[in-house]
Structure formats: structure tokens, C-alpha cells
Amino acid sequence: MVGSEVYNPEEWNNFFVLVGTGSAALTGLVFVALSINLKDAAKDATHRYRAINMLSGFTSVFIVSALALMGHQTRRTLGIEWLAVSLLAAAINTNGYIQGLGSAGSRYALGLVRIAGGSACYLGQIVGSSMLYLGSRAGIYIAAIALIVNFYFLVSGSWLLIVGTLHSSN
């Protein structure tokens, strides 16, 4: 399958509106929560890098959604845009975990499941967007499912960040 049969924007409009709006709202909430506990988040490497990971993760979801909703997008265009955003988000996420593990910090809820799970989600988006670009209809489903599952890691990571900054301030 090639062309419009692989990616029909009208079929995906509601999906991208939903996840884009959700990610924008959650980005704002995390930003406000961080602002309230900025001192505690900034002084601990785990919290600092988790904050970067959560904000960049939600922002990447918003960017992918915004790009998908732009007019006259082809599956190739969306595939390459989603790939670029996912690669950048995955690099930021991986760097954050490496820095968090290598720095003196609380290690609060910084475990292998979180690292592997979030990384697998970004990998799913990278593989799916590449498949979409190459013309596989399954690609957009793989990337979309990885995006949705990544929401779990972003939301729970944001909660752990907020709880962790409160925990370290006591």
C-alpha cells in the first residue's frame, strides 16, 4: 500500500487532537508543579533530569500531533517529522537517565523498568514512523500505540517527580 491509503489524515484527526491537547495540558500542569518546588527539583540530579524528560516527552507528543494536523501532509512527510521528533525525544530521555544515574542524587523511583519502558516507547515511535515513511500502514499504528503507552511513563514520571521533590524537601 502506498500514498493516501497508508495515512488518511481525516481518519487520524481526532486521535491527534486528543493526544495533542492532553499533552499540552499536562505540560502546563507539570510546569506549574515544578515552579512550586523549583528549588528541590533543581538541586537533585534525579529530579532535574526527570523534569527535563517529562517536559520534553509531553512537548514531543504535542509537536507530533501539531505536525500531523497540518494540512497537506503525506505519510512520508508525517513519517519523517515523527521520526525526527522521536529521535530527539529519545536522545533527551536517554541522556536524562544516564545523567541521573551517573550523578549524585536521590535515585527516587529511578529503576530499570522505567528506563526500559520509556526507551521502548520511543523505539516504537522510531520504528513506527520509519515504517510509515516507507509505506507500511502498520507503521502509524505502531507509532501511535507507542505514543499512548509512553503517556503512562510520562504521567507516572511526572507524579514521581512531584512526590520526589516533596519527599526530598522533608
# chains A, B, ... in the order shown; residues from 1 in each chain; ligands from 1

$ residues_around --residues "Ser136 in chain A" --least-positions-apart "3" --cutoff "10 Å" --atoms "only C-alpha atoms" --output "ChimeraX atom specification"
/A:1-2,5-7,75,128-133,139-141

$ write_last_selection --atoms "C-alpha atoms" --output "compact mmCIF listing (two decimals), in the first residue's frame"
# COMPACT_ATOMS: atom_id res chain seq x y z
CA MET A 1 0.00 0.00 0.00
CA VAL A 2 1.22 3.46 -0.83
CA GLU A 5 -4.18 4.52 1.68
CA VAL A 6 -1.37 4.29 4.23
CA TYR A 7 -2.18 7.51 6.08
CA ARG A 75 2.51 9.66 5.02
CA GLY A 128 6.63 3.01 13.51
CA SER A 129 7.40 6.39 11.97
CA SER A 130 10.09 4.80 9.79
CA MET A 131 7.59 2.17 8.64
CA LEU A 132 5.04 4.91 7.91
CA TYR A 133 7.61 6.78 5.85
CA GLY A 139 3.70 1.91 10.98
CA ILE A 140 1.26 4.57 12.10
CA TYR A 141 -0.44 2.10 14.44

$ residues_around --residues "Ala24 in chain A" --least-positions-apart "4" --cutoff "9 Å" --atoms "only C-alpha atoms" --output "VMD selection string"
chain A and resid 19 to 20 28 to 29 58 to 59 61 to 62

$ residues_around --residues "Arg48 in chain A" --least-positions-apart "3" --cutoff "12 Å" --atoms "only C-alpha atoms" --output "MDAnalysis selection string"
chainID A and resid 34 37:45 51:55 96:97 99:101 103:108 158 161:162 164:165

$ closest_residue --among "A:Ser56, A:Val155, A:Val163, A:Leu88" --to "Gly22 in chain A" --atoms "only C-alpha atoms"
A:Val155

$ select_by_dssp --residues "range 5-114 of chain A" --states "alpha helix (DSSP H)" --output "ChimeraX atom specification"
/A:9-36,38-43,45-69,75-102,112-114

$ closest_residue --among "A:Ile63, A:Arg50, A:Gln73, A:Gln125" --to "Asn93 in chain A" --atoms "only C-alpha atoms"
A:Arg50

$ closest_residue --among "A:Thr27, A:Ser156, A:Thr46, A:Asn13" --to "Leu67 in chain A" --atoms "only C-alpha atoms"
A:Asn13

$ closest_residue --among "A:Ser60, A:Ser119, A:Ser35, A:Thr21" --to "Leu83 in chain A" --atoms "only C-alpha atoms"
A:Ser60

$ closest_residue --among "A:Ile36, A:Ser65, A:Gly117, A:Gly57" --to "Phe16 in chain A" --atoms "only C-alpha atoms"
A:Ser65

$ decode --residues "range 61-157 of chain A" --atoms "C-alpha atoms" --output "PDB file, in the first residue's frame"
ATOM      1  CA  VAL A  61       3.757  14.455  21.741  1.00  0.00           C
ATOM      2  CA  PHE A  62       2.353  17.937  21.187  1.00  0.00           C
ATOM      3  CA  ILE A  63       4.743  18.614  18.295  1.00  0.00           C
ATOM      4  CA  VAL A  64       3.964  15.311  16.549  1.00  0.00           C
ATOM      5  CA  SER A  65       0.242  15.986  16.952  1.00  0.00           C
ATOM      6  CA  ALA A  66       0.531  19.542  15.666  1.00  0.00           C
ATOM      7  CA  LEU A  67       2.547  18.435  12.649  1.00  0.00           C
ATOM      8  CA  ALA A  68       0.049  15.645  11.882  1.00  0.00           C
ATOM      9  CA  LEU A  69      -2.814  18.144  11.936  1.00  0.00           C
ATOM     10  CA  MET A  70      -1.158  20.475   9.444  1.00  0.00           C
ATOM     11  CA  GLY A  71      -2.758  20.467   6.009  1.00  0.00           C
ATOM     12  CA  HIS A  72      -1.466  18.566   3.006  1.00  0.00           C
ATOM     13  CA  GLN A  73       0.629  16.083   4.977  1.00  0.00           C
ATOM     14  CA  THR A  74       1.545  12.861   3.259  1.00  0.00           C
ATOM     15  CA  ARG A  75       2.507   9.661   5.021  1.00  0.00           C
ATOM     16  CA  ARG A  76       6.116  10.331   4.014  1.00  0.00           C
ATOM     17  CA  THR A  77       6.046  13.845   5.445  1.00  0.00           C
ATOM     18  CA  LEU A  78       4.469  12.739   8.716  1.00  0.00           C
ATOM     19  CA  GLY A  79       6.795   9.742   8.919  1.00  0.00           C
ATOM     20  CA  ILE A  80       9.949  11.848   8.622  1.00  0.00           C
ATOM     21  CA  GLU A  81       8.631  14.519  11.010  1.00  0.00           C
ATOM     22  CA  TRP A  82       7.592  11.932  13.601  1.00  0.00           C
ATOM     23  CA  LEU A  83      10.940  10.186  13.191  1.00  0.00           C
ATOM     24  CA  ALA A  84      12.897  13.412  13.770  1.00  0.00           C
ATOM     25  CA  VAL A  85      10.861  14.367  16.847  1.00  0.00           C
ATOM     26  CA  SER A  86      11.063  10.838  18.278  1.00  0.00           C
ATOM     27  CA  LEU A  87      14.812  10.606  17.764  1.00  0.00           C
ATOM     28  CA  LEU A  88      15.319  13.912  19.573  1.00  0.00           C
ATOM     29  CA  ALA A  89      12.962  12.954  22.418  1.00  0.00           C
ATOM     30  CA  ALA A  90      14.642   9.546  22.746  1.00  0.00           C
ATOM     31  CA  ALA A  91      18.079  11.184  22.902  1.00  0.00           C
ATOM     32  CA  ILE A  92      16.923  13.613  25.596  1.00  0.00           C
ATOM     33  CA  ASN A  93      15.272  10.773  27.534  1.00  0.00           C
ATOM     34  CA  THR A  94      18.337   8.508  27.333  1.00  0.00           C
ATOM     35  CA  ASN A  95      20.702  11.319  28.265  1.00  0.00           C
ATOM     36  CA  GLY A  96      18.497  12.203  31.227  1.00  0.00           C
ATOM     37  CA  TYR A  97      18.634   8.690  32.608  1.00  0.00           C
ATOM     38  CA  ILE A  98      22.377   8.409  32.037  1.00  0.00           C
ATOM     39  CA  GLN A  99      22.973  11.750  33.765  1.00  0.00           C
ATOM     40  CA  GLY A 100      20.565  10.897  36.576  1.00  0.00           C
ATOM     41  CA  LEU A 101      22.224   7.548  37.238  1.00  0.00           C
ATOM     42  CA  GLY A 102      25.726   8.996  36.997  1.00  0.00           C
ATOM     43  CA  SER A 103      25.135  11.967  39.282  1.00  0.00           C
ATOM     44  CA  ALA A 104      24.733  12.236  42.999  1.00  0.00           C
ATOM     45  CA  GLY A 105      21.025  12.318  43.560  1.00  0.00           C
ATOM     46  CA  SER A 106      18.138  10.694  45.342  1.00  0.00           C
ATOM     47  CA  ARG A 107      17.602   7.878  42.814  1.00  0.00           C
ATOM     48  CA  TYR A 108      13.943   8.228  43.827  1.00  0.00           C
ATOM     49  CA  ALA A 109      11.977   5.743  41.686  1.00  0.00           C
ATOM     50  CA  LEU A 110      14.767   5.573  39.128  1.00  0.00           C
ATOM     51  CA  GLY A 111      14.600   1.941  38.097  1.00  0.00           C
ATOM     52  CA  LEU A 112      15.269  -0.358  35.183  1.00  0.00           C
ATOM     53  CA  VAL A 113      11.555  -0.822  34.380  1.00  0.00           C
ATOM     54  CA  ARG A 114      11.094   2.928  33.949  1.00  0.00           C
ATOM     55  CA  ILE A 115      14.243   3.273  31.861  1.00  0.00           C
ATOM     56  CA  ALA A 116      13.474   0.264  29.651  1.00  0.00           C
ATOM     57  CA  GLY A 117       9.779   1.072  29.328  1.00  0.00           C
ATOM     58  CA  GLY A 118      10.220   4.680  28.287  1.00  0.00           C
ATOM     59  CA  SER A 119      13.042   3.758  25.928  1.00  0.00           C
ATOM     60  CA  ALA A 120      10.909   1.012  24.349  1.00  0.00           C
ATOM     61  CA  CYS A 121       8.138   3.543  23.732  1.00  0.00           C
ATOM     62  CA  TYR A 122      10.482   5.909  21.930  1.00  0.00           C
ATOM     63  CA  LEU A 123      11.899   2.973  19.978  1.00  0.00           C
ATOM     64  CA  GLY A 124       8.339   2.024  18.980  1.00  0.00           C
ATOM     65  CA  GLN A 125       7.744   5.548  17.716  1.00  0.00           C
ATOM     66  CA  ILE A 126      11.025   5.494  15.787  1.00  0.00           C
ATOM     67  CA  VAL A 127      10.270   2.128  14.183  1.00  0.00           C
ATOM     68  CA  GLY A 128       6.631   3.011  13.505  1.00  0.00           C
ATOM     69  CA  SER A 129       7.403   6.393  11.966  1.00  0.00           C
ATOM     70  CA  SER A 130      10.092   4.795   9.787  1.00  0.00           C
ATOM     71  CA  MET A 131       7.592   2.171   8.638  1.00  0.00           C
ATOM     72  CA  LEU A 132       5.042   4.909   7.911  1.00  0.00           C
ATOM     73  CA  TYR A 133       7.609   6.780   5.854  1.00  0.00           C
ATOM     74  CA  LEU A 134       8.379   3.588   3.914  1.00  0.00           C
ATOM     75  CA  GLY A 135       4.697   2.970   3.191  1.00  0.00           C
ATOM     76  CA  SER A 136       3.614   0.391   5.754  1.00  0.00           C
ATOM     77  CA  ARG A 137       0.111   1.003   7.095  1.00  0.00           C
ATOM     78  CA  ALA A 138       1.090  -0.787  10.322  1.00  0.00           C
ATOM     79  CA  GLY A 139       3.695   1.913  10.982  1.00  0.00           C
ATOM     80  CA  ILE A 140       1.256   4.573  12.103  1.00  0.00           C
ATOM     81  CA  TYR A 141      -0.444   2.096  14.443  1.00  0.00           C
ATOM     82  CA  ILE A 142       2.859   1.024  15.981  1.00  0.00           C
ATOM     83  CA  ALA A 143       3.953   4.634  16.462  1.00  0.00           C
ATOM     84  CA  ALA A 144       0.541   5.668  17.825  1.00  0.00           C
ATOM     85  CA  ILE A 145       0.386   2.791  20.319  1.00  0.00           C
ATOM     86  CA  ALA A 146       3.932   3.571  21.468  1.00  0.00           C
ATOM     87  CA  LEU A 147       2.894   7.206  21.904  1.00  0.00           C
ATOM     88  CA  ILE A 148      -0.109   6.212  24.019  1.00  0.00           C
ATOM     89  CA  VAL A 149       1.883   3.797  26.185  1.00  0.00           C
ATOM     90  CA  ASN A 150       4.533   6.476  26.643  1.00  0.00           C
ATOM     91  CA  PHE A 151       1.809   8.623  28.209  1.00  0.00           C
ATOM     92  CA  TYR A 152       1.793   6.161  31.110  1.00  0.00           C
ATOM     93  CA  PHE A 153       5.511   6.685  31.645  1.00  0.00           C
ATOM     94  CA  LEU A 154       5.208  10.464  31.247  1.00  0.00           C
ATOM     95  CA  VAL A 155       2.257  10.830  33.613  1.00  0.00           C
ATOM     96  CA  SER A 156       3.646   8.436  36.227  1.00  0.00           C
ATOM     97  CA  GLY A 157       7.110  10.005  35.874  1.00  0.00           C
TER      98      GLY A 157
END
